[in-house]
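Undergrad: Got a structure for you, target_13.txt, holding compact mmCIF, C-alpha atoms and all ligand atoms.
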```txt
# COMPACT_ATOMS: atom_id res chain seq x y z
CA MET A 1 -13.00 15.58 -9.59
CA LYS A 2 -12.78 14.97 -5.86
CA GLU A 3 -13.84 11.78 -4.08
CA ILE A 4 -14.05 11.27 -0.33
CA ILE A 5 -13.95 7.81 1.22
CA GLU A 6 -14.58 7.53 4.94
CA ILE A 7 -13.34 4.61 7.03
CA LYS A 8 -14.83 4.04 10.47
CA ARG A 9 -12.55 4.25 13.51
CA GLU A 10 -13.53 3.16 17.00
CA ASN A 11 -14.44 6.08 19.31
CA ARG A 12 -13.19 8.68 16.83
CA ASN A 13 -14.29 10.49 13.70
CA PRO A 14 -13.84 8.42 10.55
CA SER A 15 -10.51 8.45 8.75
CA LYS A 16 -11.05 10.49 5.55
CA VAL A 17 -9.32 9.57 2.32
CA ILE A 18 -9.66 12.34 -0.27
CA VAL A 19 -8.69 11.70 -3.88
CA GLY A 20 -8.23 14.10 -6.79
CA ASP A 21 -6.61 17.49 -7.23
CA VAL A 22 -6.46 17.91 -3.47
CA LEU A 23 -3.01 19.07 -2.34
CA GLY A 24 -4.43 22.57 -1.82
CA LEU A 25 -6.71 21.17 0.90
CA LEU A 26 -3.78 20.46 3.21
CA PRO A 27 -3.93 23.67 5.28
CA GLU A 28 -7.61 23.14 6.06
CA MET A 29 -7.08 19.49 7.02
CA LEU A 30 -4.59 20.49 9.71
CA PRO A 31 -5.92 21.53 13.10
CA PRO A 32 -5.60 25.28 13.78
CA ASP A 33 -3.45 26.64 16.61
CA ARG A 34 -1.34 23.51 16.89
CA ARG A 35 2.32 22.98 16.17
CA ILE A 36 2.57 21.04 12.88
CA VAL A 37 5.56 18.82 12.11
CA ALA A 38 5.97 17.40 8.59
CA ILE A 39 7.91 14.20 7.90
CA THR A 40 9.07 13.53 4.36
CA ASP A 41 11.93 12.17 2.24
CA PRO A 42 14.44 14.16 0.15
CA ASN A 43 12.77 13.48 -3.22
CA VAL A 44 9.38 14.61 -2.00
CA ALA A 45 10.91 17.54 -0.07
CA ALA A 46 12.45 18.77 -3.34
CA LEU A 47 9.00 18.81 -4.95
CA TYR A 48 6.73 19.84 -2.09
CA GLY A 49 9.09 21.59 0.34
CA GLU A 50 7.38 24.92 -0.19
CA ALA A 51 3.86 23.56 0.43
CA MET A 52 5.14 21.84 3.57
CA ARG A 53 6.95 24.89 4.89
CA ALA A 54 3.78 26.93 4.37
CA CYS A 55 1.81 24.83 6.83
CA SER A 56 4.36 23.28 9.22
CA SER A 57 6.90 24.80 11.59
CA GLU A 58 9.32 21.87 11.35
CA GLN A 59 10.18 19.48 8.52
CA ILE A 60 11.96 16.22 9.32
CA VAL A 61 13.56 14.61 6.26
CA ILE A 62 14.25 10.88 6.50
CA PRO A 63 16.32 8.90 4.00
CA THR A 64 14.67 7.03 1.12
CA GLY A 65 14.77 3.26 0.75
CA GLU A 66 13.35 0.18 2.41
CA GLU A 67 16.60 -0.28 4.35
CA HIS A 68 15.77 2.92 6.25
CA LYS A 69 12.25 1.83 7.27
CA THR A 70 13.67 0.92 10.65
CA LEU A 71 13.51 1.66 14.34
CA GLU A 72 16.75 3.65 13.93
CA THR A 73 15.00 6.11 11.61
CA VAL A 74 12.05 6.26 13.99
CA GLU A 75 14.48 7.07 16.80
CA THR A 76 15.94 10.00 14.83
CA ILE A 77 12.39 11.32 14.52
CA TYR A 78 11.71 10.88 18.26
CA ARG A 79 14.99 12.67 19.08
CA ARG A 80 14.14 15.62 16.84
CA LEU A 81 10.64 15.82 18.32
CA VAL A 82 12.14 15.89 21.82
CA GLU A 83 14.67 18.55 20.75
CA ILE A 84 11.97 20.89 19.48
CA GLY A 85 9.79 20.24 22.52
CA ALA A 86 6.98 18.52 20.66
CA ASP A 87 4.14 17.69 23.05
CA ARG A 88 0.86 15.79 22.90
CA ARG A 89 -0.82 18.64 21.02
CA THR A 90 1.78 18.50 18.26
CA TYR A 91 0.24 17.30 15.01
CA ILE A 92 2.30 15.24 12.56
CA VAL A 93 1.80 15.03 8.82
CA GLY A 94 3.65 12.49 6.70
CA VAL A 95 4.16 13.62 3.11
CA GLY A 96 5.52 11.00 0.73
CA GLY A 97 5.35 7.42 -0.45
CA GLY A 98 4.58 4.31 1.57
CA ILE A 99 7.90 4.35 3.41
CA VAL A 100 7.28 7.87 4.71
CA THR A 101 3.64 7.09 5.63
CA ASP A 102 4.55 3.80 7.38
CA ILE A 103 7.31 5.45 9.41
CA THR A 104 5.29 8.58 10.17
CA GLY A 105 2.28 6.56 11.32
CA PHE A 106 4.45 4.43 13.57
CA ALA A 107 6.42 7.36 15.03
CA ALA A 108 3.27 9.45 15.60
CA SER A 109 1.41 6.52 17.18
CA THR A 110 4.18 5.86 19.67
CA TYR A 111 5.72 9.28 20.44
CA LEU A 112 4.36 10.28 23.87
CA ARG A 113 2.09 7.21 23.54
CA GLY A 114 0.49 8.71 20.48
CA VAL A 115 -0.08 12.08 18.83
CA GLU A 116 -2.56 12.84 16.05
CA PHE A 117 -1.47 12.54 12.45
CA GLY A 118 -2.49 12.66 8.80
CA PHE A 119 -0.87 11.88 5.45
CA VAL A 120 -0.32 13.35 2.02
CA ALA A 121 0.30 10.23 -0.08
CA THR A 122 2.46 11.12 -3.09
CA SER A 123 3.23 7.74 -4.68
CA LEU A 124 0.60 5.58 -6.38
CA LEU A 125 1.36 2.71 -4.02
CA ALA A 126 0.88 4.92 -0.97
CA GLN A 127 -2.38 6.30 -2.36
CA VAL A 128 -4.03 2.99 -3.15
CA ASP A 129 -2.65 1.00 -0.24
CA ALA A 130 0.09 2.01 2.20
CA SER A 131 -1.44 5.21 3.55
CA VAL A 132 -4.93 3.75 3.92
CA GLY A 133 -6.14 1.58 6.78
CA GLY A 134 -3.75 2.32 9.60
CA LYS A 135 -1.16 -0.45 9.42
CA ASN A 136 2.05 1.44 10.25
CA GLY A 137 5.17 -0.64 10.63
CA VAL A 138 8.93 -0.80 10.33
CA ASN A 139 11.34 -3.56 9.38
CA VAL A 140 13.55 -5.32 11.91
CA GLY A 141 16.72 -7.11 10.83
CA GLY A 142 15.61 -6.88 7.20
CA PHE A 143 12.34 -8.68 7.98
CA LYS A 144 9.36 -6.68 6.78
CA ASN A 145 7.04 -4.79 9.09
CA MET A 146 8.01 -6.73 12.21
CA ALA A 147 7.16 -3.86 14.58
CA GLY A 148 4.09 -1.76 14.13
CA VAL A 149 0.67 -0.56 15.16
CA PHE A 150 -2.87 -0.44 13.86
CA ASN A 151 -3.85 3.23 13.98
CA GLN A 152 -5.63 5.01 11.18
CA PRO A 153 -4.63 8.56 10.18
CA ASP A 154 -7.17 11.35 10.55
CA PHE A 155 -6.93 12.03 6.83
CA VAL A 156 -5.13 10.97 3.70
CA LEU A 157 -4.83 13.37 0.77
CA CYS A 158 -4.23 11.46 -2.47
CA ASP A 159 -3.29 14.14 -4.97
CA THR A 160 -3.40 12.51 -8.37
CA GLY A 161 -1.38 15.40 -9.86
CA ALA A 162 1.57 14.29 -7.70
CA LEU A 163 1.78 11.13 -9.78
CA SER A 164 3.03 13.06 -12.82
CA THR A 165 6.50 13.34 -11.23
CA LEU A 166 6.61 9.75 -10.01
CA PRO A 167 9.31 7.68 -11.79
CA PRO A 168 7.62 5.17 -14.18
CA ARG A 169 9.01 2.25 -12.20
CA GLU A 170 7.30 3.51 -9.04
CA PHE A 171 4.04 4.06 -10.91
CA ARG A 172 4.06 0.45 -12.10
CA ALA A 173 4.83 -0.69 -8.57
CA GLY A 174 1.61 0.96 -7.41
CA LEU A 175 -0.31 -0.82 -10.15
CA ALA A 176 0.63 -4.15 -8.57
CA GLU A 177 -1.30 -3.31 -5.40
CA MET A 178 -4.21 -2.13 -7.57
CA ILE A 179 -4.20 -5.43 -9.46
CA LYS A 180 -4.30 -7.12 -6.06
CA ALA A 181 -7.35 -5.07 -5.07
CA GLY A 182 -9.01 -5.98 -8.37
CA ILE A 183 -8.37 -9.68 -7.82
CA ILE A 184 -9.66 -9.55 -4.25
CA ALA A 185 -12.93 -7.70 -4.78
CA ASP A 186 -13.39 -5.64 -7.93
CA PRO A 187 -13.47 -7.32 -11.35
CA ALA A 188 -14.23 -3.97 -13.04
CA LEU A 189 -11.03 -2.49 -11.59
CA PHE A 190 -9.10 -5.55 -12.75
CA GLU A 191 -10.54 -5.06 -16.22
CA ILE A 192 -9.39 -1.43 -16.34
CA LEU A 193 -5.87 -2.50 -15.41
CA GLU A 194 -5.94 -5.36 -17.86
CA ASN A 195 -7.06 -3.16 -20.74
CA HIS A 196 -4.93 -0.05 -20.21
CA SER A 197 -1.18 0.33 -20.20
CA PRO A 198 0.46 2.42 -17.46
CA GLU A 199 1.01 5.17 -20.03
CA GLU A 200 -2.68 5.20 -21.00
CA LEU A 201 -3.71 5.42 -17.37
CA LEU A 202 -1.35 8.30 -16.71
CA ALA A 203 -2.67 10.16 -19.74
CA ASP A 204 -6.32 9.77 -18.68
CA SER A 205 -6.63 11.44 -15.30
CA GLU A 206 -10.34 10.67 -14.97
CA LEU A 207 -9.85 6.96 -15.59
CA LEU A 208 -6.82 6.91 -13.30
CA THR A 209 -8.72 8.64 -10.51
CA ARG A 210 -11.62 6.19 -10.94
CA ALA A 211 -9.21 3.26 -10.67
CA ILE A 212 -7.46 4.74 -7.62
CA VAL A 213 -10.79 5.34 -5.89
CA ALA A 214 -11.91 1.79 -6.70
CA ALA A 215 -8.72 0.32 -5.22
CA ILE A 216 -9.05 2.44 -2.08
CA ARG A 217 -12.68 1.35 -1.68
CA VAL A 218 -11.65 -2.31 -1.78
CA LYS A 219 -9.20 -1.67 1.04
CA ALA A 220 -11.54 0.63 2.98
CA ASP A 221 -14.37 -1.94 2.96
CA ILE A 222 -12.07 -4.67 4.22
CA VAL A 223 -10.50 -2.45 6.89
CA GLU A 224 -13.94 -1.44 8.15
CA ALA A 225 -14.90 -5.08 8.48
CA ASP A 226 -11.68 -6.12 10.21
CA GLU A 227 -9.50 -3.20 11.33
CA THR A 228 -6.94 -5.29 13.21
CA GLU A 229 -6.57 -8.20 10.80
CA LYS A 230 -8.34 -10.98 12.64
CA GLY A 231 -9.61 -12.53 9.41
CA GLU A 232 -11.02 -10.67 6.40
CA ARG A 233 -8.10 -8.21 6.27
CA ARG A 234 -5.67 -11.03 5.58
CA LYS A 235 -6.99 -11.01 2.01
CA LEU A 236 -5.01 -7.79 1.53
CA ASN A 237 -1.85 -9.80 2.07
CA LEU A 238 -2.44 -11.67 -1.18
CA GLY A 239 0.95 -12.30 -2.77
CA HIS A 240 2.76 -10.70 0.17
CA THR A 241 4.27 -13.81 1.74
CA VAL A 242 6.30 -14.36 -1.39
CA ALA A 243 6.82 -10.60 -1.82
CA HIS A 244 8.27 -10.15 1.65
CA ALA A 245 10.56 -13.14 1.16
CA ILE A 246 11.82 -11.58 -2.07
CA GLU A 247 12.38 -8.24 -0.35
CA LYS A 248 14.32 -9.99 2.40
CA LEU A 249 16.52 -11.79 -0.11
CA THR A 250 17.23 -9.12 -2.68
CA ARG A 251 17.23 -5.35 -3.20
CA ASP A 252 16.53 -5.83 -6.92
CA TYR A 253 12.80 -5.37 -6.48
CA ASN A 254 10.91 -2.57 -4.83
CA HIS A 255 7.85 -3.47 -2.75
CA GLY A 256 5.29 -3.15 -5.55
CA GLU A 257 7.39 -5.20 -7.94
CA ALA A 258 7.82 -7.91 -5.33
CA VAL A 259 4.04 -7.90 -4.81
CA GLY A 260 3.57 -8.27 -8.57
CA VAL A 261 5.81 -11.29 -8.58
CA GLY A 262 4.10 -12.67 -5.47
CA LEU A 263 0.69 -12.29 -7.10
CA ALA A 264 1.93 -14.08 -10.18
CA ALA A 265 3.30 -16.94 -8.11
CA ILE A 266 0.13 -17.28 -6.09
CA ALA A 267 -2.10 -16.96 -9.14
CA ASP A 268 -0.15 -19.79 -10.69
CA ALA A 269 -0.30 -21.90 -7.53
CA ALA A 270 -4.00 -21.14 -7.18
CA LYS A 271 -4.63 -22.09 -10.78
CA ALA A 272 -2.90 -25.40 -10.28
CA GLN A 273 -4.80 -25.91 -7.06
CA ALA A 274 -8.09 -25.01 -8.73
CA GLN A 275 -7.44 -27.54 -11.45
CA ALA A 276 -6.71 -30.19 -8.86
CA VAL A 277 -9.85 -29.29 -6.99
CA ALA A 278 -11.86 -29.36 -10.20
CA GLN A 279 -10.82 -32.91 -10.79
CA LYS A 280 -11.98 -33.98 -7.36
CA ARG A 281 -15.16 -32.01 -6.90
CA ALA A 282 -18.33 -31.90 -8.87
CA THR A 283 -19.17 -28.34 -7.89
CA LEU A 284 -16.10 -26.20 -8.16
CA LEU A 285 -17.70 -23.01 -6.90
CA ASP A 286 -18.63 -24.70 -3.67
CA ALA A 287 -15.01 -25.44 -3.05
CA LEU A 288 -13.81 -21.98 -3.97
CA LYS A 289 -15.38 -19.76 -1.34
CA PRO A 290 -14.16 -16.16 -1.70
CA GLY A 291 -10.52 -15.88 -0.82
CA ALA A 292 -10.09 -19.51 0.14
CA ILE A 293 -8.22 -20.36 -2.98
CA PHE A 294 -5.70 -17.62 -2.35
CA MET A 295 -5.26 -18.36 1.31
CA GLY A 296 -4.64 -21.95 0.31
CA GLY A 297 -2.18 -20.81 -2.30
CA MET A 298 -0.28 -18.80 0.26
CA GLU A 299 -0.09 -21.66 2.70
CA ASP A 300 1.10 -23.81 -0.15
CA ALA A 301 3.78 -21.28 -1.04
CA ARG A 302 4.88 -21.04 2.57
CA GLU A 303 5.01 -24.80 3.07
CA LYS A 304 7.05 -25.44 -0.01
CA SER A 305 9.36 -22.50 0.72
CA VAL A 306 8.99 -21.61 -2.91
CA VAL A 307 11.30 -18.66 -2.66
CA GLU A 308 14.20 -20.64 -1.29
CA ALA A 309 13.42 -23.38 -3.79
CA GLY A 310 14.43 -21.18 -6.68
CA LEU A 311 11.46 -18.93 -7.26
CA VAL A 312 13.77 -15.94 -7.13
CA VAL A 313 15.56 -17.23 -10.20
CA GLU A 314 12.24 -17.78 -11.95
CA VAL A 315 10.75 -14.44 -10.98
CA ARG A 316 13.72 -12.45 -12.24
CA ARG A 317 12.36 -13.19 -15.69
CA CYS A 318 8.83 -12.02 -14.89
CA GLY A 319 7.48 -8.51 -15.37
CA LEU A 320 4.53 -6.99 -13.63
CA TRP A 321 2.26 -7.39 -16.62
CA ARG A 322 3.00 -11.06 -16.79
CA CYS A 323 1.54 -11.21 -13.33
CA ALA A 324 -1.65 -9.64 -14.62
CA LYS A 325 -1.64 -12.16 -17.44
CA TRP A 326 -1.31 -15.03 -15.01
CA ALA A 327 -4.06 -13.69 -12.83
CA THR A 328 -6.21 -13.31 -15.91
CA SER A 329 -5.49 -16.82 -16.99
CA LEU A 330 -6.57 -17.87 -13.52
CA SER A 331 -9.96 -16.29 -13.99
CA VAL A 332 -10.27 -17.76 -17.46
CA ALA A 333 -9.36 -21.17 -16.13
CA LEU A 334 -12.23 -21.10 -13.70
CA PRO A 335 -15.75 -21.68 -14.95
CA SER A 336 -16.89 -18.41 -13.39
CA THR A 337 -15.21 -15.35 -11.98
CA LYS A 338 -17.99 -14.99 -9.43
CA PHE A 339 -15.75 -16.00 -6.60
CA PHE A 340 -13.85 -12.75 -7.03
CA GLN A 341 -16.94 -10.82 -5.97
N1 LIG B 401 0.97 0.14 5.73
C1 LIG B 401 0.45 -0.57 4.76
O1 LIG B 401 -0.70 -1.02 4.83
C2 LIG B 401 1.28 -0.80 3.53
C3 LIG B 401 0.68 -1.35 2.38
C4 LIG B 401 1.46 -1.49 1.25
C5 LIG B 401 2.80 -1.12 1.25
N2 LIG B 401 3.35 -0.62 2.39
C6 LIG B 401 4.76 -0.21 2.42
O2 LIG B 401 4.94 0.87 1.52
C7 LIG B 401 6.33 0.90 1.16
C8 LIG B 401 6.46 1.17 -0.32
O3 LIG B 401 5.87 2.42 -0.62
P1 LIG B 401 6.24 3.19 -1.98
O4 LIG B 401 6.20 2.25 -3.10
O5 LIG B 401 5.44 4.41 -2.02
O6 LIG B 401 7.80 3.49 -1.77
P2 LIG B 401 8.57 4.82 -1.38
O7 LIG B 401 7.98 5.47 -0.22
O8 LIG B 401 10.01 4.43 -1.32
O9 LIG B 401 8.35 5.77 -2.64
C9 LIG B 401 8.89 5.38 -3.87
C10 LIG B 401 9.90 6.42 -4.42
O10 LIG B 401 9.13 7.45 -5.05
C11 LIG B 401 9.55 8.72 -4.53
N3 LIG B 401 8.36 9.56 -4.61
C12 LIG B 401 7.24 9.50 -3.82
N4 LIG B 401 6.32 10.36 -4.28
C13 LIG B 401 6.86 10.97 -5.35
C14 LIG B 401 6.38 11.95 -6.26
N5 LIG B 401 5.14 12.45 -6.20
N6 LIG B 401 7.20 12.35 -7.27
C15 LIG B 401 8.46 11.83 -7.38
N7 LIG B 401 8.95 10.89 -6.56
C16 LIG B 401 8.15 10.47 -5.56
C17 LIG B 401 10.07 8.44 -3.15
O11 LIG B 401 10.97 9.43 -2.74
C18 LIG B 401 10.75 7.10 -3.36
O12 LIG B 401 12.03 7.30 -3.91
C19 LIG B 401 6.92 -0.42 1.56
O13 LIG B 401 7.74 -0.26 2.68
C20 LIG B 401 5.70 -1.26 1.92
O14 LIG B 401 5.98 -2.25 2.88
C21 LIG B 401 2.61 -0.44 3.52
```
In structure tokens, how does this file's structure come out?

TA:
Amino acid sequence: MKEIIEIKRENRNPSKVIVGDVLGLLPEMLPPDRRIVAITDPNVAALYGEAMRACSSEQIVIPTGEEHKTLETVETIYRRLVEIGADRRTYIVGVGGGIVTDITGFAASTYLRGVEFGFVATSLLAQVDASVGGKNGVNVGGFKNMAGVFNQPDFVLCDTGALSTLPPREFRAGLAEMIKAGIIADPALFEILENHSPEELLADSELLTRAIVAAIRVKADIVEADETEKGERRKLNLGHTVAHAIEKLTRDYNHGEAVGVGLAAIADAAKAQAQAVAQKRATLLDALKPGAIFMGGMEDAREKSVVEAGLVVEVRRCGLWRCAKWATSLSVALPSTKFFQ
């Protein structure tokens, strides 16, 4: 099974996201007669070093961890590119999870004012979210994604086979972003995630691929409508205000887990808000235009500084699946789930 999703880019060919058993396509995705530089992390290098060496003349290995998604790491990449004489025709491919794809996209977009690049996304979170849509950023002073660019990759290969080596914790982290996509625009995707455990999804590659493709389509549609986040794209930040605050405050959660907690918090706030609205308004659906409830919830969370107010203590007790439960209870609490569509 192979699925191709194209996302429009201004004045360029569309960005192609290809999902399935697709790692073998890498050589043909890379432009011929160009110097190819691969950027990866040590865990991914240990698994895919050979494939990378087969199609790139240089492999730059950056450290793992959110604390290394920084300008300092980007500078080490720039320095190595200068050392090897990389020029504008050099093509960069980022192979790894969301940290590798964020850093690679940023470094490639800024080295010599921009060289072409593509990704092989190897974590679930990178496949369904981080590698898609062209937001490439790094953290500054521990604050998330403070410096970055909008610049979509030429291609993203999402090899579902790569997920078999992903640690279970990282797989679940990716599910959080998929739950987010389901809440934003795809009730059928949400239902798959609600009805299947992570283990069941991993064991059923067809179902997993279908769910990954559905999550990517949610993001692709939104990115096409609003590539540089003037409005619609902000929906993709659902749960992220709280998530980023958590990531700033503690290293106990990885990004996906923090998003899971953020979704749970916002679902809860939205539910409370919906109930309040229901009391005041005769026609609830009128009041709950798509997305508005969540945007409101986020503002609410921001205003009340929920994280500082002790949410961290509360969320330590919450798992990812509780988030799904809360989001489900949100949809049950509303008279119709139509506003998700
Ligand atoms: N740019 C965007 O639009 C966007 C969207 C969502 C998240 N993000 C960013 O993505 C980052 C999180 O990405 P992530 O969850 O992929 O983290 P990550 O890149 O740290 O990867 C998770 C871990 O899994 C390992 N790994 C990756 N692929 C593997 C494989 N196939 N087998 C075994 N191990 C593997 C990595 O080495 C790492 O240790 C965060 O920095 C977040 O801010 C960006």

Undergrad: Between atom CA of A:Gly148 and atom CA of A:Asn136, what distance in Å does the model show, to one decimal?

TA: 5.4 Å

Undergrad: Please identify all protein, DNA and RNA residues within 7 Å of ligand LIG 401 (chain B), counting all atoms listed in the file, and report them as JSON, numbers by chain.

TA: {"A": [41, 42, 43, 44, 64, 65, 66, 69, 96, 97, 98, 99, 100, 102, 122, 123, 124, 125, 126, 129, 130, 131, 132, 133, 134, 135, 136, 137, 144, 145, 162, 163, 164, 165, 166, 167, 170, 173, 174, 254, 255, 256]}

Undergrad: Go ahead and write the selection's residues with C-alpha atoms as a PDB file, in the frame of the given file.

TA:
```pdb
ATOM      1  CA  ASP A  41      11.930  12.170   2.240  1.00  0.00           C
ATOM      2  CA  PRO A  42      14.440  14.160   0.150  1.00  0.00           C
ATOM      3  CA  ASN A  43      12.770  13.480  -3.220  1.00  0.00           C
ATOM      4  CA  VAL A  44       9.380  14.610  -2.000  1.00  0.00           C
ATOM      5  CA  THR A  64      14.670   7.030   1.120  1.00  0.00           C
ATOM      6  CA  GLY A  65      14.770   3.260   0.750  1.00  0.00           C
ATOM      7  CA  GLU A  66      13.350   0.180   2.410  1.00  0.00           C
ATOM      8  CA  LYS A  69      12.250   1.830   7.270  1.00  0.00           C
ATOM      9  CA  GLY A  96       5.520  11.000   0.730  1.00  0.00           C
ATOM     10  CA  GLY A  97       5.350   7.420  -0.450  1.00  0.00           C
ATOM     11  CA  GLY A  98       4.580   4.310   1.570  1.00  0.00           C
ATOM     12  CA  ILE A  99       7.900   4.350   3.410  1.00  0.00           C
ATOM     13  CA  VAL A 100       7.280   7.870   4.710  1.00  0.00           C
ATOM     14  CA  ASP A 102       4.550   3.800   7.380  1.00  0.00           C
ATOM     15  CA  THR A 122       2.460  11.120  -3.090  1.00  0.00           C
ATOM     16  CA  SER A 123       3.230   7.740  -4.680  1.00  0.00           C
ATOM     17  CA  LEU A 124       0.600   5.580  -6.380  1.00  0.00           C
ATOM     18  CA  LEU A 125       1.360   2.710  -4.020  1.00  0.00           C
ATOM     19  CA  ALA A 126       0.880   4.920  -0.970  1.00  0.00           C
ATOM     20  CA  ASP A 129      -2.650   1.000  -0.240  1.00  0.00           C
ATOM     21  CA  ALA A 130       0.090   2.010   2.200  1.00  0.00           C
ATOM     22  CA  SER A 131      -1.440   5.210   3.550  1.00  0.00           C
ATOM     23  CA  VAL A 132      -4.930   3.750   3.920  1.00  0.00           C
ATOM     24  CA  GLY A 133      -6.140   1.580   6.780  1.00  0.00           C
ATOM     25  CA  GLY A 134      -3.750   2.320   9.600  1.00  0.00           C
ATOM     26  CA  LYS A 135      -1.160  -0.450   9.420  1.00  0.00           C
ATOM     27  CA  ASN A 136       2.050   1.440  10.250  1.00  0.00           C
ATOM     28  CA  GLY A 137       5.170  -0.640  10.630  1.00  0.00           C
ATOM     29  CA  LYS A 144       9.360  -6.680   6.780  1.00  0.00           C
ATOM     30  CA  ASN A 145       7.040  -4.790   9.090  1.00  0.00           C
ATOM     31  CA  ALA A 162       1.570  14.290  -7.700  1.00  0.00           C
ATOM     32  CA  LEU A 163       1.780  11.130  -9.780  1.00  0.00           C
ATOM     33  CA  SER A 164       3.030  13.060 -12.820  1.00  0.00           C
ATOM     34  CA  THR A 165       6.500  13.340 -11.230  1.00  0.00           C
ATOM     35  CA  LEU A 166       6.610   9.750 -10.010  1.00  0.00           C
ATOM     36  CA  PRO A 167       9.310   7.680 -11.790  1.00  0.00           C
ATOM     37  CA  GLU A 170       7.300   3.510  -9.040  1.00  0.00           C
ATOM     38  CA  ALA A 173       4.830  -0.690  -8.570  1.00  0.00           C
ATOM     39  CA  GLY A 174       1.610   0.960  -7.410  1.00  0.00           C
ATOM     40  CA  ASN A 254      10.910  -2.570  -4.830  1.00  0.00           C
ATOM     41  CA  HIS A 255       7.850  -3.470  -2.750  1.00  0.00           C
ATOM     42  CA  GLY A 256       5.290  -3.150  -5.550  1.00  0.00           C
TER      43      GLY A 256
END
```

Undergrad: Atom CA of A:Glu67 and atom CA of A:Ala215, how far apart in Å?

TA: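 According to the coordinates, atom CA of A:Ala215 and atom CA of A:Glu67 are separated by 27.1 Å.
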
Undergrad: Go ahead and compute the interatomic distance for atom CA of A:Ile179 and atom CA of A:Ala269, in Å to one decimal.

TA: 17.0 Å

Undergrad: Select, counting all atoms listed in the file, all protein, DNA and RNA residues no farther than 6 Å from (-6.3, 1.3, -7.6) in file coordinates, and express the selection as a list in words.

TA: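 Checked against the point, the hits come out as Val128, Met178, Ala211, Ile212, Ala214 and Ala215 of chain A.
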
Undergrad: Which residues are close to stretch 12-21 of chain A, i.e. within 6 Å by only C-alpha atoms, leaving aside same-chain residues fewer than 3 positions away? Reply as a VMD selection string.

TA: chain A and resid 1 to 9 154 to 160

Undergrad: For A:Ala176, which residue among A:Lys230, A:Glu72, A:Gly49, A:Leu193 is the nearest when counting only C-alpha atoms?

TA: A:Leu193

Undergrad: Could you check the closest approach to A:Ala45 for each of A:Pro168, A:Pro31, A:Gly24, A:Pro63 and tell me which residue wins, using all atoms listed in the file?

TA: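 Looking at the shortest contact to A:Ala45, the residue is A:Pro63.
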
Undergrad: Leaving out A:Gly262 and any residue of its chain fewer than 4 positions from it, which residues lie within 9 Å of it when counting all atoms listed in the file, given as a PDB file with C-alpha atoms, in the coordinates of the input?

TA:
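Final output, result_23.pdb:
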```pdb
ATOM      1  CA  LEU A 238      -2.440 -11.670  -1.180  1.00  0.00           C
ATOM      2  CA  GLY A 239       0.950 -12.300  -2.770  1.00  0.00           C
ATOM      3  CA  HIS A 240       2.760 -10.700   0.170  1.00  0.00           C
ATOM      4  CA  THR A 241       4.270 -13.810   1.740  1.00  0.00           C
ATOM      5  CA  VAL A 242       6.300 -14.360  -1.390  1.00  0.00           C
ATOM      6  CA  ALA A 243       6.820 -10.600  -1.820  1.00  0.00           C
ATOM      7  CA  HIS A 244       8.270 -10.150   1.650  1.00  0.00           C
ATOM      8  CA  ILE A 246      11.820 -11.580  -2.070  1.00  0.00           C
ATOM      9  CA  GLU A 257       7.390  -5.200  -7.940  1.00  0.00           C
ATOM     10  CA  ALA A 258       7.820  -7.910  -5.330  1.00  0.00           C
ATOM     11  CA  ILE A 266       0.130 -17.280  -6.090  1.00  0.00           C
ATOM     12  CA  ALA A 267      -2.100 -16.960  -9.140  1.00  0.00           C
ATOM     13  CA  VAL A 315      10.750 -14.440 -10.980  1.00  0.00           C
ATOM     14  CA  CYS A 323       1.540 -11.210 -13.330  1.00  0.00           C
TER      15      CYS A 323
END
```

Undergrad: For each of A:Glu177, A:Gly231, A:Leu236, A:Leu208, take the minimum atom-to-atom distance to A:Ile192, counting only C-alpha atoms, then give the residue where this is smallest.

TA: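 For A:Ile192, the nearest of the given residues is A:Leu208.
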
Undergrad: Could you pull out every residue with an atom within 12 Å of (3.3, 10.8, 20.4), file coordinates, counting all atoms listed in the file, and send them as a list in words?

TA: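 I get Val37, Val74, Ile77, Tyr78, Arg79, Leu81, Val82, Gly85, Ala86, Asp87, Arg88, Arg89, Thr90, Tyr91, Ile92, Thr104, Gly105, Phe106, Ala107, Ala108, Ser109, Thr110, Tyr111, Leu112, Arg113, Gly114, Val115, Glu116 and Phe117 of chain A for the residues within 12 Å of that point.
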
Undergrad: Considering only C-alpha atoms, can you say which of A:Glu58, A:Ile216, A:Thr70, A:Leu30 comes closest to A:Gly142?

TA: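 Closest to A:Gly142, using only C-alpha atoms: A:Thr70.
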
Undergrad: Choose the residue, out of A:Asp268, A:Arg169, A:Leu207, A:Leu202, that has the smallest atom-to-atom separation from A:Tyr253; count only C-alpha atoms.

TA: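 Among A:Asp268, A:Arg169, A:Leu207, A:Leu202, it is A:Arg169 that comes nearest to A:Tyr253.
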